[in-house]
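Down below is the structure, laid out as structure tokens.
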Amino acid sequence: MTPRRRRLFWVLGIVAGVGLAGGLALRAFRENVMFYFDPSRIAAGEVKPGQRFRLGGMVEQGSLTRTPGSLEVRFVVTDFKHQVPVRYDKVLPDLFREGAGMVAHGRLDASGTFIADEVLAKHDEKYMPPEVARSLGQGGASSAAMPASGASAR
Amino acid sequence: MLVELGHYALILAMMLAGAQAFFGLAGPALGRERWRAAAASTACGQFVFVALAVGVLVHAFISNDFSVHYVAENSNSALPLFYRVTALWGAHEGSMLLWILVLTLWTMALLARSRHLPPTFAARSLGVLGLISFCFLLFTLATSNPFTRVIPAVPDGNDLNPVLQDPAFAIHPPILYMGYVGFSVSFALACAAMIEGRRDQQWAHWMRPWTVMAWAFLACGIALGSWWAYYELGWGGFWFWDPVENASFMPWLIGTALIHSLAVTDKRGLFKSWTLLLAVTAFSLSLIGTFLVRSGVLVSVHSFAADPSRGIFILALLVVMIGGALALYAWRAPLMKSSAGFDFISRESFLLFNNILLTIAAAVVFGGTLAPLIADTLGLGTLSVGPPYFNPSFLVPILPMLALVALGMHARWRRGGLGEAPRTLLLALGAALVLGLALSLGVYAHPLTLTPVGATLGVWIILSSLIDPIGRLRRGLKLPASVAGMSIAHIGLGVFVLGITFVQSNTIERDIALKPGESAQLGVYQFRYDGGQDIVGPNYEGFRGKVSITRNGAPVSVLFPEKRRYWVQGTVQTTAAIAPAFNRDLLAALGEDVGAGAWSLRLQYRPLIRFVWIGALIMAIGGVTAVIGRRQRGYAADGARLPLAAAAQPPPPGGLR
């Protein structure tokens with residue numbers, strides 16, 4: 001092999017490797033990226049059936065019910081325009097409470113109930129996730145709601 | 001009064017940093033010896049004043065001076081003394097101060113070892129470090145001054161965030177910053193080499209120990225952070241691909257590539273411009289990491305209060321520093337040509353593959369971390385990227401890299417293939433296959449296809465790392481520190497791979513509601529909930545449950561997980577209880593009172609999870625071994641292994657060892 005051909009071989013090999021890795025990463029990215037929807041956009045029918053997504057909003061006051069002695073909880077997430085009922089059967093995070101913001105991962109079932117497989121409630125009771133703040137039409141005002149002390153539990 | 005003195009000290013430090021940058025860069029450029037010498041003394045002065053400022057702030061915390069806004073926000077008179085000190089880096093302002101203190105510490109270390117550097121080169125490196133320090137001091141003073149007063153003083157402080165009240169957290173940020181910021185030395189040396197337009201590869205020899213030390217610190221820092229998140233955040237995860245974790249992981253990946261490419265540049269004079277680019281990239285990623293964490297653009301577990309003005313300031317800083325360095329690179333890199341060639345199966349080509357694959361891995365993490373930010377900016381919607389993207393994408397470049405590690409260690413430089421190693425290597429591979437399959441199919445039976453692959457690779461890397469040291473010792477040869485260090489670090493990698501493999505595929509996790517006396521089965525372990533009681537701590541109250549674990553009826557451990565409510569901030573915190581062992585961890589965490597006398601519990605069995613952190617620690621030990629041994633033995637010991645390279649480049653009179 002001449003040095004020139006060897007170099008060509010190297011370059012081709014590297015380009016192929018990088019391309020392969022990039023392609024696979026992009027594929028994994030497209031399949032696994034999760035979009036965020038609030039109750040109003042769900043009501044508008046923007047969610048594809050069976051699509052896994054993130055739901056954000058406030059936990060409606062007085063909506064939390066628990067099946068006694070089991071993990072199953074039901075609550076309603078609202079953006080003060082529309083509501084989505086949520087069902088969850090794992091341990092709720094420390095900062096989850098009624099009247100506070102939360103984000104959940106999961107899917108809608110046929111009846112329109114959101115079956116959550118993960119619920120996140122970050123930061124303290126004054127905090128609202130930025131997306132939720134935007135959904136609620138508070139936009140930039142959310143920074144006022146941010147706590148000075150910040151690291152949250154997960 | 002004292003607090004104002006601290007503030008002035010910080011302002012003085014900024015002035016001195018500016019002077020250090022000016023003298024360090026202008027002195028050699030204009031050929032003024034006294035300016036050049038002034039770079040060293042201004043650097044010392046800067047260190048003294050930064051240390052003074054830090055001392056003042058520590059004093060304010062210890063003496064509960066709640067007239068200082070930062071202290072009032074992050075401390076409380078009920079907080080134990082130890083945490084009052086570590087609260088210094090509990091939030092943004094103090095973290096920036098710590099960043100600067102660590103930078104000046106590295107600067108002093110470089111100064112202490114700079115006797116062997118050419119004076120102009122040392123001065124230029126100090127100048128670059130001074131420039132970085134100046135920018136960060138300006139940033140701190142302009143947007144996040146920790147010495148701001150609140151008048152009138154508040155009666156008591158807001159307390160340190162409960163999740164940060166922990167011994168591991170006390171040392172995690174300083175060690176992490178030692179790594180993060182340590183890459184600034186590599187960056188400064190690379191910039192100095194580019195400014196001087198050095199055509200030789202001497203700078204690579206000087207850069208190596210600094211890079212390895214920073215890399216080792218970063219490995220320890222990341223492992224500590226992961227360990228802290230594991231037991232303190234309460235839910236037993238040890239890596240979330242969280243933006244802040246990624247921010248420290250990306251420089252580490254590039255740092256790993258840099259160490260390996262430095263080896264090639266140092267020994268053979270190849271990859272010069274690539275090495276420089278990696279040095280610039282590693283530090284740039286540290287800066288981007290700081291930007292991601294500090295500006296609050298990405299919401300994460302760690303995000304502190306966001307302030308848009310800070311974000312814009314750091315962004316400007318990033319553009320200036322990274323842009324400047326890249327411009328310098330574009331201008332000077334063409335000088336750094338190397339003409340030597342190498343065979344397809346040689347150490348060089350293995351290290352080249354290592355570099356390509358690690359860079360791809362870093363790019364995968366980078367893309368996933370920044371995608372939400374980019375999509376949001378472009379109005380493509382709010383999206384999030386999690387483990388389902390990171391896990392498989394990261395494996396694509398990393399698996400082949402792991403497969404090549406075992407071979408690459410034994411490849412000869414330049415030409416000559418694997419020498420006598422292939423037979424031993426094949427034997428090791430066979431043994432690894434048997435052991436790996438036995439582990440993954442026998443001891444930890446699991447259907448995942450990647451489990452036996454990971455187990456085999458882990459064992460193979462460990463065995464392969466042992467071949468060279470054992471061979472040398474059997475022949476009665478000395479074991480050079482560089483070989484010992486490399487072998488130790490690679491053994492650490494193997495241990496780490498084994499840990500990750502089994503913890504990923506054999507973890508059992510259950511969320512369950514239990515009444516007192518009821519139990520749950522996780523693999524061979526039975527967890528029985530025995531009820532609990534209310535408790536009161538120094539600054540919290542809560543509930544402590546009791547979970548007894550048995551294995552086939554024999555008692556294994558009793559765990560006391562807690563749910564705490566901290567009075568000052570009103571935050572509720574889960575304190576998980578863990579029964580650690582060499583080969584597995586058992587974890588119990590309390591959820592909440594679900595009524596009917598039952599509590600929700602999260603129970604976990606995680607095999608070999610300790611291997612993950614121990615592996616990272618062994619890697620760091622390997623790095624430190626190589627650096628320390630190098631100082632004692634000097635260049636000759638390194639060169640002796642490579643008569644060819646040594647002949648091509650006469651050993652330097654001294655050098656940074």
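Lettering and numbering for the structure tokens are positional, with chains as A, B, ... in the shown order, residues counted from 1 in each chain, and ligands counted from 1 in the shown order.
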
- Message: Env of Gly94 of chain B: 10 Å cut, atoms = only C-alpha atoms, seq-sep filter 3 positions within chain, self excluded. Answer as a list in words.
- Response: Val54, Leu57, Val58, Tyr70, Val71, Asn74, Thr86, Ala87, Leu88, Trp89, Gly90, Ala91, Leu97, Leu98, Trp99, Ile100, Thr140, Ser144, Asn145, Pro146 and Phe147 of chain B

How close does each residue of chain B get to chain A, giving the shortest atom pair and distance in Å to one decimal for every residue with an atom at most 8 Å away, counting only C-alpha atoms, sorted by chain and residue number, as a tab-separated table?
```
residue	atom	partner	partner_atom	distance
B:Glu73	CA	A:Ser149	CA	7.3
B:Asn74	CA	A:Ser149	CA	7.5
B:Ala91	CA	A:Ser149	CA	7.4
B:Asn161	CA	A:Ser149	CA	6.6
B:Val163	CA	A:Ala153	CA	7.2
B:Leu233	CA	A:Ala153	CA	5.7
B:Gly234	CA	A:Arg154	CA	7.7
B:Trp235	CA	A:Arg154	CA	7.4
B:Val301	CA	A:Ser152	CA	5.4
B:His302	CA	A:Ala151	CA	4.6
B:Ser303	CA	A:Ala151	CA	5.6
B:Phe304	CA	A:Gly150	CA	4.5
B:Ala305	CA	A:Ala148	CA	5.4
B:Ala306	CA	A:Ser143	CA	7.2
B:Asp307	CA	A:Ser143	CA	7.9
B:Ile356	CA	A:Ile14	CA	8.0
B:Ile360	CA	A:Val18	CA	7.1
B:Val364	CA	A:Ala25	CA	6.9
B:Gly368	CA	A:Phe29	CA	7.8
B:Gly381	CA	A:Phe35	CA	7.1
B:Thr382	CA	A:Tyr36	CA	5.5
B:Leu383	CA	A:Phe35	CA	4.2
B:Ser384	CA	A:Met34	CA	5.2
B:Val385	CA	A:Val33	CA	5.1
B:Gly386	CA	A:Val33	CA	7.3
B:Pro388	CA	A:Asn32	CA	5.7
B:Tyr389	CA	A:Ala28	CA	5.3
B:Pro392	CA	A:Ala28	CA	7.3
B:Ser393	CA	A:Ala25	CA	4.9
B:Val396	CA	A:Ala21	CA	6.4
B:Pro397	CA	A:Ala21	CA	6.7
B:Asp511	CA	A:Lys90	CA	5.6
B:Ile512	CA	A:Leu71	CA	6.5
B:Ala513	CA	A:Ser70	CA	5.3
B:Leu514	CA	A:Gly69	CA	7.6
B:Lys515	CA	A:Gly69	CA	7.8
B:Thr571	CA	A:Asp124	CA	7.0
B:Val572	CA	A:Asp94	CA	5.8
B:Gln573	CA	A:Asp94	CA	6.2
B:Thr574	CA	A:Asp94	CA	6.9
B:Gly591	CA	A:Val91	CA	5.5
B:Glu592	CA	A:Val91	CA	7.7
B:Val594	CA	A:Gly69	CA	5.7
B:Gly595	CA	A:Pro68	CA	5.2
B:Ala596	CA	A:Gly69	CA	5.2
B:Gly597	CA	A:Gly69	CA	7.2
B:Ala598	CA	A:Gly69	CA	5.5
B:Trp599	CA	A:Gly69	CA	7.7
B:Ser600	CA	A:Leu71	CA	6.4
B:Leu601	CA	A:Val91	CA	7.2
B:Arg602	CA	A:Val91	CA	7.1
```

Keeping only C-alpha atoms, write the selected residues to a file as a compact mmCIF listing (two decimals), in the first residue's frame.
```txt
# COMPACT_ATOMS: atom_id res chain seq x y z
CA GLU B 73 -29.12 32.54 52.61
CA ASN B 74 -27.04 29.45 53.19
CA ALA B 91 -24.54 28.01 46.47
CA ASN B 161 -30.08 23.05 51.73
CA VAL B 163 -29.34 17.57 50.73
CA LEU B 233 -30.83 11.98 47.08
CA GLY B 234 -32.54 8.98 48.53
CA TRP B 235 -33.64 6.95 45.55
CA VAL B 301 -31.00 18.42 40.10
CA HIS B 302 -28.24 20.81 40.94
CA SER B 303 -29.45 24.05 39.44
CA PHE B 304 -29.05 27.02 41.66
CA ALA B 305 -31.10 30.17 41.36
CA ALA B 306 -31.01 31.35 37.79
CA ASP B 307 -30.05 34.86 36.87
CA ILE B 356 -11.59 9.03 17.93
CA ILE B 360 -17.34 10.56 19.57
CA VAL B 364 -22.81 12.02 21.94
CA GLY B 368 -27.85 15.04 24.22
CA GLY B 381 -40.77 22.62 21.26
CA THR B 382 -39.78 21.70 24.75
CA LEU B 383 -38.15 18.32 24.80
CA SER B 384 -36.06 16.29 27.16
CA VAL B 385 -33.38 13.73 26.57
CA GLY B 386 -32.85 10.99 29.08
CA PRO B 388 -33.05 5.96 26.77
CA TYR B 389 -30.96 8.13 24.42
CA PRO B 392 -27.39 3.02 23.87
CA SER B 393 -25.75 5.94 22.03
CA VAL B 396 -21.80 2.59 20.39
CA PRO B 397 -18.35 4.24 20.59
CA ASP B 511 -41.83 0.21 45.13
CA ILE B 512 -44.26 -1.37 47.54
CA ALA B 513 -46.66 -0.49 50.35
CA LEU B 514 -46.03 -2.51 53.50
CA LYS B 515 -47.77 -2.74 56.84
CA THR B 571 -38.17 20.78 53.14
CA VAL B 572 -38.96 17.12 53.38
CA GLN B 573 -36.08 14.79 52.73
CA THR B 574 -35.81 11.07 52.24
CA GLY B 591 -41.94 6.97 50.66
CA GLU B 592 -44.88 8.15 52.71
CA VAL B 594 -50.18 5.62 52.61
CA GLY B 595 -52.87 5.06 55.22
CA ALA B 596 -54.19 1.89 56.81
CA GLY B 597 -50.97 1.69 58.86
CA ALA B 598 -48.84 1.06 55.79
CA TRP B 599 -45.87 3.00 54.44
CA SER B 600 -44.73 3.08 50.86
CA LEU B 601 -41.17 1.84 50.56
CA ARG B 602 -38.60 1.72 47.82
```

- Query: What lies within 12 Å of Gly62 of chain A using only C-alpha atoms, ignoring chain neighbours under 3 positions off, as number ranges by chain?
  - Reply: A: 58-59, 65-66, 74-77, 97-100

- Task: Within 9 Å of Ala520 of chain B, counting only C-alpha atoms, which residues show up once you throw out same-chain ones fewer than 3 positions away? Write them as a PyMOL selection string, please.
- Result: chain B and resi 510+512+514+525-529+603

Selection from above, C-alpha atoms, as a compact mmCIF listing (two decimals), in the first residue's frame, can you write it?
```txt
# COMPACT_ATOMS: atom_id res chain seq x y z
CA ARG B 510 -39.44 -2.48 43.97
CA ILE B 512 -44.26 -1.37 47.54
CA LEU B 514 -46.03 -2.51 53.50
CA TYR B 525 -33.26 -11.29 50.03
CA GLN B 526 -36.39 -10.82 52.10
CA PHE B 527 -37.15 -7.29 53.33
CA ARG B 528 -39.51 -7.13 56.33
CA TYR B 529 -40.98 -3.80 57.45
CA LEU B 603 -36.44 -1.39 48.11
```

- Message: For the structure I just gave you, how does DSSP split segment 419-644 of chain B - specifically, which residues are helix (DSSP H, G or I)? Reply as a PyMOL selection string.
- Response: chain B and resi 421-443+450-474+481-506+609-640+643-644

- All strand (DSSP E or B) positions in segment 49-116 of chain A, as a VMD selection string: chain A and resid 53 to 59 65 to 66 73 to 78 83 to 88 101 to 108 114 to 116

Kindly save the residues from that selection, with N, CA and C atoms included, as a JSON list (two decimals), in the first residue's frame.
```json
[["chain", "number", "residue", "atom", "x", "y", "z"],
["A", 53, "PHE", "N", -44.76, 10.91, 26.60],
["A", 53, "PHE", "CA", -44.40, 12.32, 26.66],
["A", 53, "PHE", "C", -44.34, 12.80, 28.10],
["A", 54, "ARG", "N", -43.99, 14.07, 28.26],
["A", 54, "ARG", "CA", -43.93, 14.67, 29.59],
["A", 54, "ARG", "C", -45.14, 15.57, 29.77],
["A", 55, "LEU", "N", -45.81, 15.40, 30.88],
["A", 55, "LEU", "CA", -46.98, 16.22, 31.19],
["A", 55, "LEU", "C", -46.58, 17.16, 32.32],
["A", 56, "GLY", "N", -46.90, 18.43, 32.17],
["A", 56, "GLY", "CA", -46.56, 19.37, 33.24],
["A", 56, "GLY", "C", -47.74, 20.23, 33.61],
["A", 57, "GLY", "N", -47.79, 20.64, 34.85],
["A", 57, "GLY", "CA", -48.85, 21.53, 35.31],
["A", 57, "GLY", "C", -48.90, 21.54, 36.82],
["A", 58, "MET", "N", -49.97, 22.11, 37.34],
["A", 58, "MET", "CA", -50.13, 22.15, 38.78],
["A", 58, "MET", "C", -51.01, 20.98, 39.22],
["A", 59, "VAL", "N", -50.73, 20.46, 40.40],
["A", 59, "VAL", "CA", -51.59, 19.43, 40.97],
["A", 59, "VAL", "C", -52.80, 20.16, 41.57],
["A", 65, "THR", "N", -56.20, 11.48, 45.52],
["A", 65, "THR", "CA", -56.85, 10.39, 46.26],
["A", 65, "THR", "C", -55.92, 9.19, 46.24],
["A", 66, "ARG", "N", -55.99, 8.41, 47.29],
["A", 66, "ARG", "CA", -55.09, 7.28, 47.43],
["A", 66, "ARG", "C", -55.91, 6.06, 47.77],
["A", 73, "VAL", "N", -51.97, 6.16, 43.43],
["A", 73, "VAL", "CA", -52.55, 7.48, 43.70],
["A", 73, "VAL", "C", -53.15, 8.01, 42.42],
["A", 74, "ARG", "N", -54.19, 8.82, 42.58],
["A", 74, "ARG", "CA", -54.79, 9.51, 41.45],
["A", 74, "ARG", "C", -54.85, 10.98, 41.79],
["A", 75, "PHE", "N", -54.55, 11.81, 40.81],
["A", 75, "PHE", "CA", -54.68, 13.26, 41.02],
["A", 75, "PHE", "C", -54.96, 13.91, 39.68],
["A", 76, "VAL", "N", -55.29, 15.18, 39.72],
["A", 76, "VAL", "CA", -55.62, 15.91, 38.50],
["A", 76, "VAL", "C", -54.57, 17.00, 38.28],
["A", 77, "VAL", "N", -54.05, 17.05, 37.05],
["A", 77, "VAL", "CA", -53.09, 18.09, 36.71],
["A", 77, "VAL", "C", -53.80, 19.14, 35.88],
["A", 78, "THR", "N", -53.58, 20.39, 36.24],
["A", 78, "THR", "CA", -54.31, 21.46, 35.58],
["A", 78, "THR", "C", -53.37, 22.58, 35.14],
["A", 83, "GLN", "N", -57.96, 20.11, 32.36],
["A", 83, "GLN", "CA", -57.49, 19.18, 33.38],
["A", 83, "GLN", "C", -57.16, 17.83, 32.75],
["A", 84, "VAL", "N", -56.20, 17.15, 33.33],
["A", 84, "VAL", "CA", -55.89, 15.78, 32.92],
["A", 84, "VAL", "C", -55.81, 14.92, 34.17],
["A", 85, "PRO", "N", -56.60, 13.83, 34.24],
["A", 85, "PRO", "CA", -56.46, 12.92, 35.38],
["A", 85, "PRO", "C", -55.19, 12.08, 35.22],
["A", 86, "VAL", "N", -54.51, 11.81, 36.35],
["A", 86, "VAL", "CA", -53.25, 11.08, 36.32],
["A", 86, "VAL", "C", -53.34, 9.91, 37.29],
["A", 87, "ARG", "N", -52.77, 8.78, 36.88],
["A", 87, "ARG", "CA", -52.66, 7.64, 37.79],
["A", 87, "ARG", "C", -51.18, 7.25, 37.91],
["A", 88, "TYR", "N", -50.77, 6.91, 39.12],
["A", 88, "TYR", "CA", -49.36, 6.62, 39.36],
["A", 88, "TYR", "C", -49.29, 5.55, 40.44],
["A", 101, "GLY", "N", -46.29, 22.70, 41.41],
["A", 101, "GLY", "CA", -46.00, 22.26, 40.05],
["A", 101, "GLY", "C", -45.37, 20.88, 40.05],
["A", 102, "MET", "N", -45.58, 20.16, 38.96],
["A", 102, "MET", "CA", -44.93, 18.85, 38.82],
["A", 102, "MET", "C", -44.81, 18.51, 37.34],
["A", 103, "VAL", "N", -43.93, 17.56, 37.05],
["A", 103, "VAL", "CA", -43.78, 17.04, 35.69],
["A", 103, "VAL", "C", -43.85, 15.53, 35.80],
["A", 104, "ALA", "N", -44.61, 14.89, 34.90],
["A", 104, "ALA", "CA", -44.71, 13.43, 34.93],
["A", 104, "ALA", "C", -44.37, 12.87, 33.56],
["A", 105, "HIS", "N", -43.74, 11.69, 33.54],
["A", 105, "HIS", "CA", -43.47, 10.99, 32.28],
["A", 105, "HIS", "C", -44.48, 9.85, 32.15],
["A", 106, "GLY", "N", -45.01, 9.64, 30.96],
["A", 106, "GLY", "CA", -45.92, 8.51, 30.78],
["A", 106, "GLY", "C", -46.72, 8.63, 29.50],
["A", 107, "ARG", "N", -47.83, 7.87, 29.45],
["A", 107, "ARG", "CA", -48.67, 7.83, 28.25],
["A", 107, "ARG", "C", -50.13, 8.03, 28.64],
["A", 108, "LEU", "N", -50.93, 8.46, 27.65],
["A", 108, "LEU", "CA", -52.37, 8.53, 27.85],
["A", 108, "LEU", "C", -52.98, 7.17, 27.57],
["A", 114, "PHE", "N", -53.83, 9.86, 32.20],
["A", 114, "PHE", "CA", -52.39, 9.80, 31.98],
["A", 114, "PHE", "C", -51.81, 8.77, 32.95],
["A", 115, "ILE", "N", -51.21, 7.71, 32.40],
["A", 115, "ILE", "CA", -50.59, 6.69, 33.24],
["A", 115, "ILE", "C", -49.13, 7.07, 33.39],
["A", 116, "ALA", "N", -48.76, 7.56, 34.57],
["A", 116, "ALA", "CA", -47.41, 8.06, 34.77],
["A", 116, "ALA", "C", -46.49, 6.92, 35.18]]
```

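Our summary of the geometry notes that atom CA of Leu131 of chain B is positioned 26.5 Å from atom CA of Ala219 of chain B.
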
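Taking atom CA of Leu126 of chain B and atom CA of Ala188 of chain B as the two end points, the separation is 7.4 Å.
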
- Item | Within 8 Å of segment 610-624 of chain B using only C-alpha atoms, minus same-chain residues under 4 positions, as a VMD selection string | chain B and resid 212 to 213 215 to 217 219 to 220 223 to 224 227 484 to 500 581 to 585 628

Store the residues picked out above in a file with N, CA and C atoms, as a CSV table (one decimal), in the first residue's frame.
```
chain,number,residue,atom,x,y,z
B,212,VAL,N,-2.6,14.6,33.7
B,212,VAL,CA,-3.0,13.4,34.4
B,212,VAL,C,-3.5,13.7,35.8
B,213,MET,N,-2.9,14.6,36.5
B,213,MET,CA,-3.3,15.0,37.8
B,213,MET,C,-4.8,15.5,37.8
B,215,TRP,N,-7.0,15.1,35.6
B,215,TRP,CA,-7.9,14.0,35.2
B,215,TRP,C,-8.2,13.1,36.4
B,216,ALA,N,-7.2,12.8,37.2
B,216,ALA,CA,-7.4,11.9,38.3
B,216,ALA,C,-8.3,12.6,39.3
B,217,PHE,N,-8.1,13.9,39.6
B,217,PHE,CA,-9.0,14.6,40.5
B,217,PHE,C,-10.4,14.6,40.0
B,219,ALA,N,-11.8,12.4,38.0
B,219,ALA,CA,-12.4,11.0,38.2
B,219,ALA,C,-12.9,10.9,39.6
B,220,CYS,N,-12.1,11.3,40.6
B,220,CYS,CA,-12.5,11.1,42.0
B,220,CYS,C,-13.7,12.0,42.3
B,223,ALA,N,-16.8,10.5,40.8
B,223,ALA,CA,-17.2,9.3,41.6
B,223,ALA,C,-17.8,9.7,42.9
B,224,LEU,N,-17.2,10.7,43.6
B,224,LEU,CA,-17.8,11.1,44.8
B,224,LEU,C,-19.2,11.7,44.6
B,227,TRP,N,-21.6,8.9,44.1
B,227,TRP,CA,-21.8,8.2,45.4
B,227,TRP,C,-22.8,9.0,46.3
B,484,ALA,N,3.5,0.9,35.5
B,484,ALA,CA,2.6,0.5,36.7
B,484,ALA,C,1.4,1.4,36.7
B,485,GLY,N,1.6,2.7,36.5
B,485,GLY,CA,0.4,3.6,36.5
B,485,GLY,C,-0.6,3.2,35.4
B,486,MET,N,-0.1,2.9,34.2
B,486,MET,CA,-1.0,2.6,33.1
B,486,MET,C,-1.8,1.3,33.5
B,487,SER,N,-1.0,0.3,34.0
B,487,SER,CA,-1.7,-1.0,34.3
B,487,SER,C,-2.7,-0.8,35.4
B,488,ILE,N,-2.4,0.0,36.4
B,488,ILE,CA,-3.4,0.2,37.5
B,488,ILE,C,-4.6,0.9,36.9
B,489,ALA,N,-4.4,2.0,36.1
B,489,ALA,CA,-5.6,2.7,35.6
B,489,ALA,C,-6.4,1.8,34.8
B,490,HIS,N,-5.8,0.9,34.0
B,490,HIS,CA,-6.6,0.0,33.1
B,490,HIS,C,-7.3,-1.0,33.9
B,491,ILE,N,-6.7,-1.5,35.0
B,491,ILE,CA,-7.4,-2.4,35.9
B,491,ILE,C,-8.6,-1.7,36.5
B,492,GLY,N,-8.4,-0.5,36.9
B,492,GLY,CA,-9.6,0.3,37.4
B,492,GLY,C,-10.7,0.4,36.3
B,493,LEU,N,-10.3,0.5,35.1
B,493,LEU,CA,-11.3,0.6,34.0
B,493,LEU,C,-12.1,-0.8,33.9
B,494,GLY,N,-11.3,-1.9,34.0
B,494,GLY,CA,-11.9,-3.2,34.0
B,494,GLY,C,-12.9,-3.4,35.1
B,495,VAL,N,-12.5,-3.0,36.4
B,495,VAL,CA,-13.3,-3.1,37.5
B,495,VAL,C,-14.6,-2.3,37.3
B,496,PHE,N,-14.4,-1.1,36.8
B,496,PHE,CA,-15.5,-0.2,36.5
B,496,PHE,C,-16.5,-0.8,35.6
B,497,VAL,N,-16.0,-1.4,34.5
B,497,VAL,CA,-16.8,-2.0,33.5
B,497,VAL,C,-17.6,-3.2,34.1
B,498,LEU,N,-17.0,-4.0,34.9
B,498,LEU,CA,-17.7,-5.1,35.6
B,498,LEU,C,-18.8,-4.6,36.4
B,499,GLY,N,-18.5,-3.5,37.2
B,499,GLY,CA,-19.5,-2.9,38.1
B,499,GLY,C,-20.7,-2.4,37.3
B,500,ILE,N,-20.5,-1.6,36.3
B,500,ILE,CA,-21.6,-1.1,35.5
B,500,ILE,C,-22.4,-2.2,34.9
B,581,ALA,N,-22.0,-3.8,50.9
B,581,ALA,CA,-21.1,-5.0,51.0
B,581,ALA,C,-20.3,-4.9,49.8
B,582,PHE,N,-19.2,-5.7,49.8
B,582,PHE,CA,-18.3,-5.8,48.6
B,582,PHE,C,-19.0,-6.1,47.3
B,583,ASN,N,-19.9,-7.0,47.4
B,583,ASN,CA,-20.5,-7.5,46.2
B,583,ASN,C,-21.9,-7.1,45.9
B,584,ARG,N,-22.6,-6.3,46.9
B,584,ARG,CA,-23.9,-5.9,46.6
B,584,ARG,C,-24.3,-4.8,47.6
B,585,ASP,N,-25.3,-4.0,47.3
B,585,ASP,CA,-25.9,-3.0,48.2
B,585,ASP,C,-27.3,-3.3,48.3
B,628,ILE,N,3.7,10.6,40.0
B,628,ILE,CA,4.7,10.6,41.1
B,628,ILE,C,5.9,9.8,40.8
```

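Between atom CA of Tyr444 of chain B and atom CA of Pro607 of chain B the separation is 8.8 Å.
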
- Message: Give me the residues near Ser75 of chain B as a ChimeraX atom specification, where near means some atom within 12 Å (using only C-alpha atoms) and where sequence neighbours in that chain fewer than 4 positions away do not count.
- Response: /A:149 /B:58,60-71,79-91,154-162,164-165,539,568-569

With C-alpha atoms retained, could you export that selection as a JSON list (two decimals), in the first residue's frame?
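Listing of again_21.json after writing:
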```
[["chain", "number", "residue", "atom", "x", "y", "z"],
["A", 149, "SER", "CA", -31.86, 27.94, 47.60],
["B", 58, "VAL", "CA", -15.32, 31.26, 56.14],
["B", 60, "ALA", "CA", -18.37, 35.07, 58.44],
["B", 61, "PHE", "CA", -19.95, 31.62, 58.24],
["B", 62, "ILE", "CA", -18.34, 30.38, 61.46],
["B", 63, "SER", "CA", -19.29, 33.50, 63.39],
["B", 64, "ASN", "CA", -22.89, 33.41, 62.06],
["B", 65, "ASP", "CA", -22.66, 36.86, 60.53],
["B", 66, "PHE", "CA", -26.15, 37.04, 59.04],
["B", 67, "SER", "CA", -25.61, 40.60, 57.87],
["B", 68, "VAL", "CA", -23.88, 39.00, 54.91],
["B", 69, "HIS", "CA", -26.51, 38.09, 52.36],
["B", 70, "TYR", "CA", -24.77, 34.91, 51.21],
["B", 71, "VAL", "CA", -24.33, 33.65, 54.78],
["B", 79, "LEU", "CA", -26.23, 24.30, 61.60],
["B", 80, "PRO", "CA", -23.30, 22.21, 62.89],
["B", 81, "LEU", "CA", -19.92, 23.96, 62.65],
["B", 82, "PHE", "CA", -18.58, 21.58, 59.98],
["B", 83, "TYR", "CA", -21.46, 22.34, 57.62],
["B", 84, "ARG", "CA", -21.15, 26.05, 58.35],
["B", 85, "VAL", "CA", -17.69, 25.83, 56.78],
["B", 86, "THR", "CA", -18.72, 23.71, 53.82],
["B", 87, "ALA", "CA", -21.77, 25.94, 53.26],
["B", 88, "LEU", "CA", -19.14, 28.21, 51.70],
["B", 89, "TRP", "CA", -19.65, 26.33, 48.44],
["B", 90, "GLY", "CA", -23.31, 25.54, 49.07],
["B", 91, "ALA", "CA", -24.54, 28.01, 46.47],
["B", 154, "VAL", "CA", -31.61, 39.15, 59.47],
["B", 155, "PRO", "CA", -31.98, 37.50, 62.91],
["B", 156, "ASP", "CA", -31.17, 34.02, 61.62],
["B", 157, "GLY", "CA", -30.14, 32.40, 58.38],
["B", 158, "ASN", "CA", -32.16, 30.49, 55.82],
["B", 159, "ASP", "CA", -30.16, 27.29, 56.46],
["B", 160, "LEU", "CA", -28.08, 25.18, 54.11],
["B", 161, "ASN", "CA", -30.08, 23.05, 51.73],
["B", 162, "PRO", "CA", -30.58, 19.75, 53.59],
["B", 164, "LEU", "CA", -26.03, 19.40, 50.97],
["B", 165, "GLN", "CA", -25.62, 18.67, 54.69],
["B", 539, "ASN", "CA", -32.52, 20.86, 63.04],
["B", 568, "VAL", "CA", -36.08, 26.26, 58.65],
["B", 569, "GLN", "CA", -36.84, 25.64, 54.99]]
```

- Message: From the options B:Ala229, B:Ala39, B:Cys44, B:Ile314, which residue's atoms come nearest to Ala13 of chain B, counting only C-alpha atoms?
- Response: B:Cys44
